[in-house]
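Structure file query_21.cif (mmCIF, C-alpha atoms) follows.
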```
data_coords
#
loop_
_atom_site.label_atom_id
_atom_site.label_comp_id
_atom_site.auth_asym_id
_atom_site.auth_seq_id
_atom_site.Cartn_x
_atom_site.Cartn_y
_atom_site.Cartn_z
CA MET A 218 -5.08 -7.41 -1.30
CA LEU A 219 -5.06 -7.53 2.50
CA ASN A 220 -6.59 -4.83 4.64
CA LYS A 221 -4.28 -4.82 7.18
CA LEU A 222 -4.75 7.43 18.55
CA ARG A 223 -1.70 12.57 19.21
CA ASP A 224 0.40 13.25 22.24
CA GLN A 225 -1.64 15.48 24.59
CA THR A 226 -0.79 13.50 27.72
CA VAL A 227 -1.40 15.37 30.98
CA PHE A 228 -0.35 13.74 34.23
CA LYS A 229 -3.21 14.67 36.56
CA HIS A 230 -1.82 12.74 39.54
CA ASN A 231 1.68 12.54 41.01
CA TRP A 232 1.22 9.63 43.40
CA LEU A 233 3.78 7.46 41.61
CA LEU A 234 6.34 10.21 41.94
CA SER A 235 5.52 10.50 45.62
CA LEU A 236 6.17 6.81 46.08
CA VAL A 237 9.54 7.10 44.35
CA VAL A 238 10.52 10.03 46.52
CA SER A 239 9.41 8.12 49.59
CA VAL A 240 11.59 5.16 48.72
CA GLY A 241 14.51 7.45 47.95
CA VAL A 242 14.45 8.97 51.43
CA TRP A 243 15.39 5.66 52.98
CA GLN A 244 18.43 5.11 50.75
CA PHE A 245 20.61 7.43 52.82
CA ALA A 246 21.53 7.83 56.49
CA VAL A 247 20.04 11.10 57.68
CA PRO A 248 21.13 12.74 60.97
CA VAL A 249 18.39 12.82 63.58
CA MET A 250 17.23 16.41 63.84
CA GLY A 251 13.94 16.23 65.63
CA GLN A 252 10.81 14.77 64.01
CA MET A 253 11.46 14.27 60.30
CA LEU A 254 8.52 15.00 57.97
CA LEU A 255 8.17 12.24 55.36
CA PRO A 256 6.61 12.86 51.95
CA TYR A 257 2.92 12.04 51.88
CA THR A 258 2.15 8.73 50.14
CA PRO A 259 -1.54 8.32 49.37
CA GLN A 260 -3.06 4.94 50.16
CA LEU A 261 -4.93 3.96 47.03
CA ASN A 262 -7.78 1.50 47.16
CA ALA A 263 -8.79 -0.86 44.37
CA GLU A 264 -11.27 1.57 42.86
CA GLU A 265 -8.69 4.36 42.71
CA LEU A 266 -6.14 2.02 41.14
CA LYS A 267 -8.69 1.03 38.52
CA GLN A 268 -9.38 4.67 37.73
CA GLN A 269 -5.67 5.37 37.44
CA GLY A 270 -5.32 2.42 35.09
CA LEU A 271 -8.11 3.64 32.84
CA GLU A 272 -6.56 7.11 32.71
CA VAL A 273 -3.18 5.66 31.77
CA ALA A 274 -4.91 3.55 29.10
CA GLU A 275 -6.48 6.72 27.72
CA GLU A 276 -3.02 8.30 27.55
CA ALA A 277 -1.81 5.25 25.62
CA ALA A 278 -4.71 5.61 23.20
CA GLN A 279 -3.80 9.26 22.60
CA LEU A 280 -0.19 8.28 21.91
CA ILE A 281 -1.36 5.70 19.37
CA ARG A 282 -3.15 8.49 17.51
CA PHE A 283 0.23 10.26 17.30
CA GLN A 284 1.89 6.98 16.24
CA GLN A 285 4.07 7.11 19.36
CA HIS A 286 3.83 3.35 19.68
CA GLU A 287 6.73 2.65 22.04
CA LEU A 288 5.57 5.26 24.55
CA ALA A 289 2.03 3.99 24.20
CA LEU A 290 3.15 0.41 24.79
CA SER A 291 4.78 1.17 28.14
CA ARG A 292 1.66 2.99 29.33
CA ALA A 293 -0.63 0.22 28.11
CA LYS A 294 1.40 -2.36 30.02
CA LEU A 295 1.17 -0.24 33.17
CA ALA A 296 -2.56 0.20 32.65
CA THR A 297 -3.10 -3.57 32.58
CA GLN A 298 -1.28 -3.84 35.91
CA LEU A 299 -3.32 -1.09 37.53
CA ALA A 300 -6.66 -2.20 36.10
CA PRO A 301 -6.29 -5.90 35.22
CA ASN A 302 -10.04 -6.55 35.35
CA GLU A 303 -10.96 -3.82 32.87
CA TYR A 304 -11.07 -4.65 29.18
CA GLN A 305 -9.85 -1.30 27.82
CA PRO A 306 -6.16 -1.61 28.81
CA TRP A 307 -5.95 -5.14 27.41
CA PHE A 308 -7.67 -4.03 24.18
CA ILE A 309 -5.22 -1.15 23.73
CA LEU A 310 -2.22 -3.34 24.58
CA GLY A 311 -3.33 -6.03 22.15
CA THR A 312 -3.91 -3.49 19.39
CA LEU A 313 -0.42 -2.09 19.90
CA TYR A 314 1.17 -5.50 19.64
CA ILE A 315 -0.74 -6.17 16.41
CA ILE A 316 0.42 -2.82 15.00
CA LYS A 317 3.99 -3.88 15.83
CA GLN A 318 3.37 -7.28 14.16
CA GLU A 319 3.94 -9.09 17.47
CA LEU A 320 0.99 -11.36 16.88
CA GLU A 321 1.19 -13.87 19.74
CA PRO A 322 1.25 -11.37 22.64
CA GLY A 323 -1.28 -9.27 20.73
CA VAL A 324 -3.72 -12.14 20.43
CA ASN A 325 -3.21 -13.08 24.09
CA ALA A 326 -4.05 -9.54 25.22
CA LEU A 327 -7.05 -9.31 22.91
CA GLU A 328 -8.38 -12.65 24.15
CA LYS A 329 -8.17 -11.33 27.73
CA ALA A 330 -10.03 -8.19 26.67
CA LEU A 331 -12.74 -10.27 24.99
CA ALA A 332 -13.13 -12.50 28.06
CA LEU A 333 -13.77 -9.34 30.11
CA GLN A 334 -16.12 -7.77 27.54
CA PRO A 335 -17.53 -10.50 25.23
CA GLU A 336 -19.87 -8.20 23.31
CA GLU A 337 -17.33 -5.51 22.38
CA VAL A 338 -17.28 -5.52 18.57
CA GLY A 339 -14.02 -3.62 18.30
CA ILE A 340 -12.21 -6.43 20.08
CA LYS A 341 -13.87 -9.05 17.89
CA PHE A 342 -12.91 -7.24 14.69
CA THR A 343 -9.31 -6.67 15.80
CA LEU A 344 -8.95 -10.24 17.05
CA GLY A 345 -10.42 -11.57 13.80
CA ASN A 346 -7.82 -9.62 11.82
CA ALA A 347 -5.05 -10.92 14.10
CA TYR A 348 -6.21 -14.53 13.76
CA PHE A 349 -6.15 -14.08 9.97
CA GLN A 350 -2.55 -12.89 10.11
CA GLN A 351 -1.72 -15.99 12.14
CA GLY A 352 -3.27 -18.19 9.47
CA LYS A 353 -6.16 -19.19 11.75
CA TYR A 354 -8.78 -18.52 9.10
CA GLN A 355 -11.74 -20.30 10.69
CA GLN A 356 -11.18 -18.53 14.03
CA ALA A 357 -10.87 -15.26 12.15
CA ALA A 358 -14.15 -15.88 10.35
CA THR A 359 -15.93 -16.80 13.58
CA GLU A 360 -14.91 -13.60 15.42
CA LEU A 361 -15.69 -11.40 12.43
CA GLU A 362 -19.09 -13.06 11.89
CA GLU A 363 -20.00 -12.55 15.55
CA GLY A 364 -18.91 -8.93 15.46
CA LEU A 365 -20.88 -8.24 12.30
CA LYS A 366 -24.01 -9.71 13.88
CA ILE A 367 -23.77 -6.97 16.50
CA LYS A 368 -22.63 -4.18 14.15
CA PRO A 369 -23.30 -5.24 10.56
CA ASP A 370 -22.34 -2.16 8.56
CA VAL A 371 -18.54 -2.00 8.96
CA PRO A 372 -16.84 -2.26 5.53
CA SER A 373 -13.36 -3.02 6.87
CA ALA A 374 -14.69 -5.94 8.94
CA GLN A 375 -16.72 -7.19 5.97
CA PHE A 376 -13.55 -7.05 3.88
CA ASP A 377 -11.58 -9.01 6.49
CA LEU A 378 -14.35 -11.61 6.61
CA GLY A 379 -14.26 -11.86 2.83
CA ASN A 380 -10.51 -12.51 3.01
CA ALA A 381 -11.07 -15.27 5.61
CA TYR A 382 -13.71 -16.90 3.40
CA PHE A 383 -11.31 -16.57 0.44
CA LYS A 384 -8.62 -18.50 2.34
CA LEU A 385 -11.17 -21.10 3.42
CA GLY A 386 -12.17 -21.67 -0.20
CA ARG A 387 -15.68 -20.31 0.36
CA MET A 388 -15.55 -18.18 -2.78
CA GLY A 389 -19.26 -17.47 -3.21
CA GLU A 390 -19.52 -16.24 0.38
CA ALA A 391 -16.36 -14.18 -0.06
CA ILE A 392 -17.80 -12.38 -3.09
CA ALA A 393 -21.08 -11.75 -1.25
CA VAL A 394 -19.40 -10.17 1.75
CA TYR A 395 -16.98 -8.13 -0.41
CA GLN A 396 -20.06 -6.81 -2.22
CA LYS A 397 -21.60 -5.80 1.12
CA ALA A 398 -18.46 -3.79 1.86
CA ILE A 399 -18.73 -2.08 -1.54
CA ASP A 400 -22.43 -1.36 -0.98
CA GLN A 401 -21.49 0.38 2.25
CA GLN A 402 -18.51 2.21 0.75
CA GLU A 403 -18.54 2.60 -3.03
CA ASP A 404 -14.86 3.61 -3.26
CA PHE A 405 -13.62 0.56 -1.36
CA TRP A 406 -11.32 -0.55 -4.18
CA PRO A 407 -9.59 -3.44 -2.31
CA ALA A 408 -12.92 -5.31 -2.15
CA VAL A 409 -13.51 -4.68 -5.85
CA ASN A 410 -9.96 -5.87 -6.56
CA ASN A 411 -10.41 -9.09 -4.59
CA ILE A 412 -13.60 -10.00 -6.41
CA GLY A 413 -11.46 -9.78 -9.54
CA LEU A 414 -8.96 -12.20 -7.98
CA ILE A 415 -11.73 -14.72 -7.35
CA LYS A 416 -13.24 -14.31 -10.81
CA TYR A 417 -9.84 -15.02 -12.37
CA GLU A 418 -9.44 -18.23 -10.38
CA GLN A 419 -12.92 -19.26 -11.48
CA GLY A 420 -11.85 -18.86 -15.11
CA ASN A 421 -13.95 -15.75 -15.73
CA ILE A 422 -11.16 -13.50 -16.98
CA LYS A 423 -13.55 -11.04 -18.61
CA GLU A 424 -15.29 -10.27 -15.30
CA ALA A 425 -11.93 -10.18 -13.51
CA ILE A 426 -10.76 -7.51 -15.96
CA GLN A 427 -13.95 -5.52 -15.39
CA HIS A 428 -13.39 -5.52 -11.63
CA TRP A 429 -9.75 -4.46 -11.90
CA GLU A 430 -10.73 -1.68 -14.29
CA LYS A 431 -13.37 -0.58 -11.79
CA ALA A 432 -10.78 -0.61 -8.98
CA LEU A 433 -8.54 1.61 -11.10
CA ASP A 434 -11.42 3.96 -11.86
CA ILE A 435 -11.66 4.46 -8.10
CA ASP A 436 -7.89 4.88 -7.62
CA PRO A 437 -5.66 4.87 -10.73
CA GLU A 438 -2.47 4.81 -8.63
CA GLN A 439 -2.87 1.35 -7.11
CA ALA A 440 -0.18 -1.09 -8.18
CA GLU A 441 -2.07 -4.31 -7.51
CA PRO A 442 -5.03 -3.93 -9.88
CA LEU A 443 -2.68 -2.37 -12.45
CA LEU A 444 -0.45 -5.43 -12.46
CA ALA A 445 -3.35 -7.90 -12.34
CA LEU A 446 -4.98 -6.14 -15.27
CA GLY A 447 -1.69 -6.15 -17.16
CA VAL A 448 -1.31 -9.91 -16.71
CA ALA A 449 -4.92 -10.57 -17.70
CA LEU A 450 -4.66 -8.45 -20.87
CA TYR A 451 -1.41 -10.19 -21.79
CA VAL A 452 -3.12 -13.56 -21.43
CA GLN A 453 -5.97 -12.26 -23.60
CA GLY A 454 -3.51 -11.34 -26.35
CA GLN A 455 -3.16 -7.61 -25.65
CA GLN A 456 0.54 -7.97 -24.97
CA GLN A 457 1.76 -4.40 -25.44
CA LYS A 458 -0.98 -2.97 -23.23
CA GLY A 459 -0.23 -5.63 -20.64
CA PHE A 460 3.47 -4.74 -20.56
CA GLU A 461 2.69 -1.02 -20.22
CA LEU A 462 0.34 -1.56 -17.29
CA ALA A 463 2.72 -3.93 -15.54
CA GLU A 464 5.64 -1.53 -15.89
CA SER A 465 3.53 1.29 -14.43
CA ALA A 466 2.50 -0.98 -11.54
CA LEU A 467 6.08 -1.94 -10.69
CA GLN A 468 7.20 1.67 -10.86
CA LEU A 469 4.54 2.46 -8.26
CA ASP A 470 5.49 -0.48 -6.03
CA SER A 471 8.29 -2.85 -7.01
CA SER A 472 7.32 -5.36 -4.28
CA TYR A 473 4.58 -6.56 -6.63
CA GLY A 474 7.34 -8.05 -8.74
CA GLU A 475 7.81 -10.72 -6.05
CA LEU A 476 5.58 -13.78 -6.39
CA GLN A 477 5.54 -14.35 -2.62
CA HIS A 478 4.21 -10.83 -2.10
CA LEU A 479 1.43 -11.56 -4.58
CA LYS A 480 0.62 -14.83 -2.83
CA ASP A 481 0.49 -13.00 0.51
CA ASN A 482 -2.04 -10.67 -1.07
CA LEU A 483 -4.37 -13.56 -1.97
CA TRP A 484 -3.39 -14.07 -5.59
CA GLY A 485 -4.55 -17.58 -6.49
CA GLU A 486 -2.69 -20.40 -8.21
CA LYS A 487 -3.97 -19.68 -11.73
CA LEU A 488 -3.13 -15.98 -11.61
CA LEU A 489 0.25 -16.67 -10.00
CA LYS A 490 1.11 -19.20 -12.70
CA ASP A 491 0.17 -16.77 -15.48
CA THR A 492 2.08 -13.97 -13.73
CA GLN A 493 5.20 -16.13 -13.43
CA THR A 494 5.07 -16.85 -17.17
CA PHE A 495 4.48 -13.14 -17.84
CA PHE A 496 7.48 -12.14 -15.70
CA THR A 497 9.82 -14.44 -17.67
CA THR A 498 9.17 -12.67 -20.99
CA PRO A 499 12.14 -10.66 -22.37
CA LYS A 500 10.17 -7.44 -22.08
CA MET A 501 9.42 -7.93 -18.37
CA GLN A 502 12.98 -9.06 -17.70
CA SER A 503 14.09 -5.76 -19.22
CA VAL A 504 11.66 -3.89 -16.97
CA PHE A 505 13.06 -5.67 -13.92
CA SER A 506 16.62 -4.83 -14.98
CA GLN A 507 15.72 -1.15 -15.33
CA LEU A 508 14.05 -1.15 -11.92
CA ASP A 509 17.09 -2.81 -10.36
CA GLY A 510 19.36 -0.25 -12.00
CA ALA A 511 17.24 2.64 -10.77
CA SER A 512 17.27 1.16 -7.27
CA SER A 513 21.07 0.83 -7.33
CA THR A 514 21.42 4.43 -8.52
CA ILE A 515 19.18 5.70 -5.74
CA THR A 516 21.10 3.68 -3.14
CA GLY A 517 24.41 5.00 -4.45
CA ASN A 518 23.18 8.60 -4.36
CA GLU A 519 21.95 8.14 -0.81
CA GLN A 520 25.36 6.76 0.21
CA GLN A 521 27.13 9.74 -1.41
CA THR A 522 24.82 12.10 0.45
CA ARG A 523 25.63 10.37 3.76
CA ASP A 524 29.39 10.50 3.01
CA ARG A 525 29.38 14.25 2.47
#
```
Show the structure stored in the file as structure tokens.
Amino acid sequence: MLNKLRDQTVFKHNWLLSLVVSVGVWQFAVPVMGQMLLPYTPQLNAEELKQQGLEVAEEAAQLIRFQQHELALSRAKLATQLAPNEYQPWFILGTLYIIKQELEPGVNALEKALALQPEEVGIKFTLGNAYFQQGKYQQAATELEEGLKIKPDVPSAQFDLGNAYFKLGRMGEAIAVYQKAIDQQEDFWPAVNNIGLIKYEQGNIKEAIQHWEKALDIDPEQAEPLLALGVALYVQGQQQKGFELAESALQLDSSYGELQHLKDNLWGEKLLKDTQTFFTTPKMQSVFSQLDGASSTITGNEQQTRDR
């Protein structure tokens, strides 16, 4: 499992509009009728530009809260132009790019923000997550470790660090930091789930099962621990129970029927191999066929609705 701001914008200043109007005046030939009064264009100094940039950045942050990401992006870009030496616009811009899964420009913006404000933990945590998504696991771990030294009790950052350690093969450290996240937030089921993934790879299926059962005690409607538990019980000889759990998991989220999706969610080689064998059983092939049929029926109904 991987972990992977409302629109109340008020334009307090109209100086940009004044500039546009001013430019527009000179686009046309105007008869001379005495002294013409031109629109007032304020002369903004660097400090005023910076303040404008920070205000625009705040507007972008508000739009993020409303999930108005495209509108927020244009404002964040403007904010970095108005206040290029302030970290907040770059932080907001980088965060937006990461949300949009545009990792390279997101990382570039976050690195600029961090250069301007090296001790800002929010940047370090966000950058660590972005590095992880890029597959730069050691860089991810470094940023997350540094952030947690400054602010140690952040479960989501501890979870991300655990994932980085997982990818680096530092399994004992991964379990320790996942446990810290759970100690901070008892219902943090993804951390519980991932300890189960490690235990399975270590050959301790019994403890893996206990962790997946605990994750489901926290949230019974999570497909990942349901499927993992189903596979583990099947391997342990409880085949019927395993099939039932797996079918429930795939009904909740059919993407867990794809091995690549499982690999992306940190399932290790041993669990993937057992899952692949499990998926090839006649019973699971029947489950997949039923899911495919249900999907086709839904798609057909949607098409009929659109055709009406």
Carefully work through the PyMOL selection byres ((chain A and resi 359-363) around 10) for this structure and note down the residues it includes, as a compact mmCIF listing (two decimals) with C-alpha atoms, in the coordinates of the input.
```txt
# COMPACT_ATOMS: atom_id res chain seq x y z
CA GLU A 336 -19.87 -8.20 23.31
CA VAL A 338 -17.28 -5.52 18.57
CA GLY A 339 -14.02 -3.62 18.30
CA ILE A 340 -12.21 -6.43 20.08
CA LYS A 341 -13.87 -9.05 17.89
CA PHE A 342 -12.91 -7.24 14.69
CA THR A 343 -9.31 -6.67 15.80
CA LEU A 344 -8.95 -10.24 17.05
CA GLY A 345 -10.42 -11.57 13.80
CA ASN A 346 -7.82 -9.62 11.82
CA TYR A 348 -6.21 -14.53 13.76
CA TYR A 354 -8.78 -18.52 9.10
CA GLN A 355 -11.74 -20.30 10.69
CA GLN A 356 -11.18 -18.53 14.03
CA ALA A 357 -10.87 -15.26 12.15
CA ALA A 358 -14.15 -15.88 10.35
CA GLY A 364 -18.91 -8.93 15.46
CA LEU A 365 -20.88 -8.24 12.30
CA LYS A 366 -24.01 -9.71 13.88
CA ILE A 367 -23.77 -6.97 16.50
CA LYS A 368 -22.63 -4.18 14.15
CA PRO A 369 -23.30 -5.24 10.56
CA ALA A 374 -14.69 -5.94 8.94
CA GLN A 375 -16.72 -7.19 5.97
CA PHE A 376 -13.55 -7.05 3.88
CA ASP A 377 -11.58 -9.01 6.49
CA LEU A 378 -14.35 -11.61 6.61
CA GLY A 379 -14.26 -11.86 2.83
CA ALA A 381 -11.07 -15.27 5.61
```
**OP:** For atom CA of Leu331 of chain A and atom CA of Leu266 of chain A, determine how far apart the two atoms are, in Å to one decimal place.
**Re:** 21.3 Å
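Residues matched by the PyMOL selection byres ((chain A and resi 324) around 10) in this file are Phe308, Leu310, Gly311, Thr312, Tyr314, Ile315, Glu319, Leu320, Glu321, Pro322, Gly323, Asn325, Ala326, Leu327, Glu328, Lys329, Ala330, Thr343, Leu344, Gly345, Asn346, Ala347, Tyr348 and Gln351 of chain A.
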Original post:
Can you tell me how far atom CA of Asp470 of chain A sits from atom CA of Leu385 of chain A, in Å to one decimal?
Top reply: 28.1 Å
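With all atoms listed in the file as the basis for measurement, A:Leu414 is the residue among A:Leu333, A:Leu295, A:Leu414, A:Ile422 that approaches Pro442 of chain A most closely.
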Original post:
Written as a ChimeraX atom specification, what is the full residue list that the PyMOL selection byres ((chain A and resi 287) around 12) yields on the file shown?
Top reply: /A:277-278,280-281,283-286,288-294,310,313-314,316-317
Subject >> Selection as JSON, numbers by chain: residues within 12 Å of (6.9, -2.7, -8.0), counting only C-alpha atoms >> reply: {"A": [439, 440, 441, 443, 444, 462, 463, 464, 465, 466, 467, 468, 469, 470, 471, 472, 473, 474, 475, 476, 478, 479, 501, 504, 505, 507, 508, 509, 511, 512]}
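Minimum atom-to-atom distances from A:Glu390, A:Glu265, A:Glu337, A:Glu430 to Gly413 of chain A were compared using only C-alpha atoms, and the lowest value belongs to A:Glu430.
Distance-wise, atom CA of Thr498 of chain A and atom CA of Lys431 of chain A end up 27.2 Å apart.
Considering all atoms listed in the file, the residue among A:Asn380, A:Asn421, A:Asn410, A:Asn302 positioned nearest to Asp434 of chain A is A:Asn410.
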Box for segment 325-329 of chain A - axis-aligned, 8 Å on each of the six sides, all listed atoms - centre and size in Å to one decimal, as AutoDock Vina command-line options.
```
--center_x -5.8 --center_y -11.2 --center_z 25.3 --size_x 21.2 --size_y 19.8 --size_z 20.8
```
**OP:** Write out as a count of residues only each polymer residue whose atoms come within 10 Å of Asp404 of chain A, counting all atoms listed in the file; drop sequence neighbours fewer than 3 positions from it.
**Re:** 12
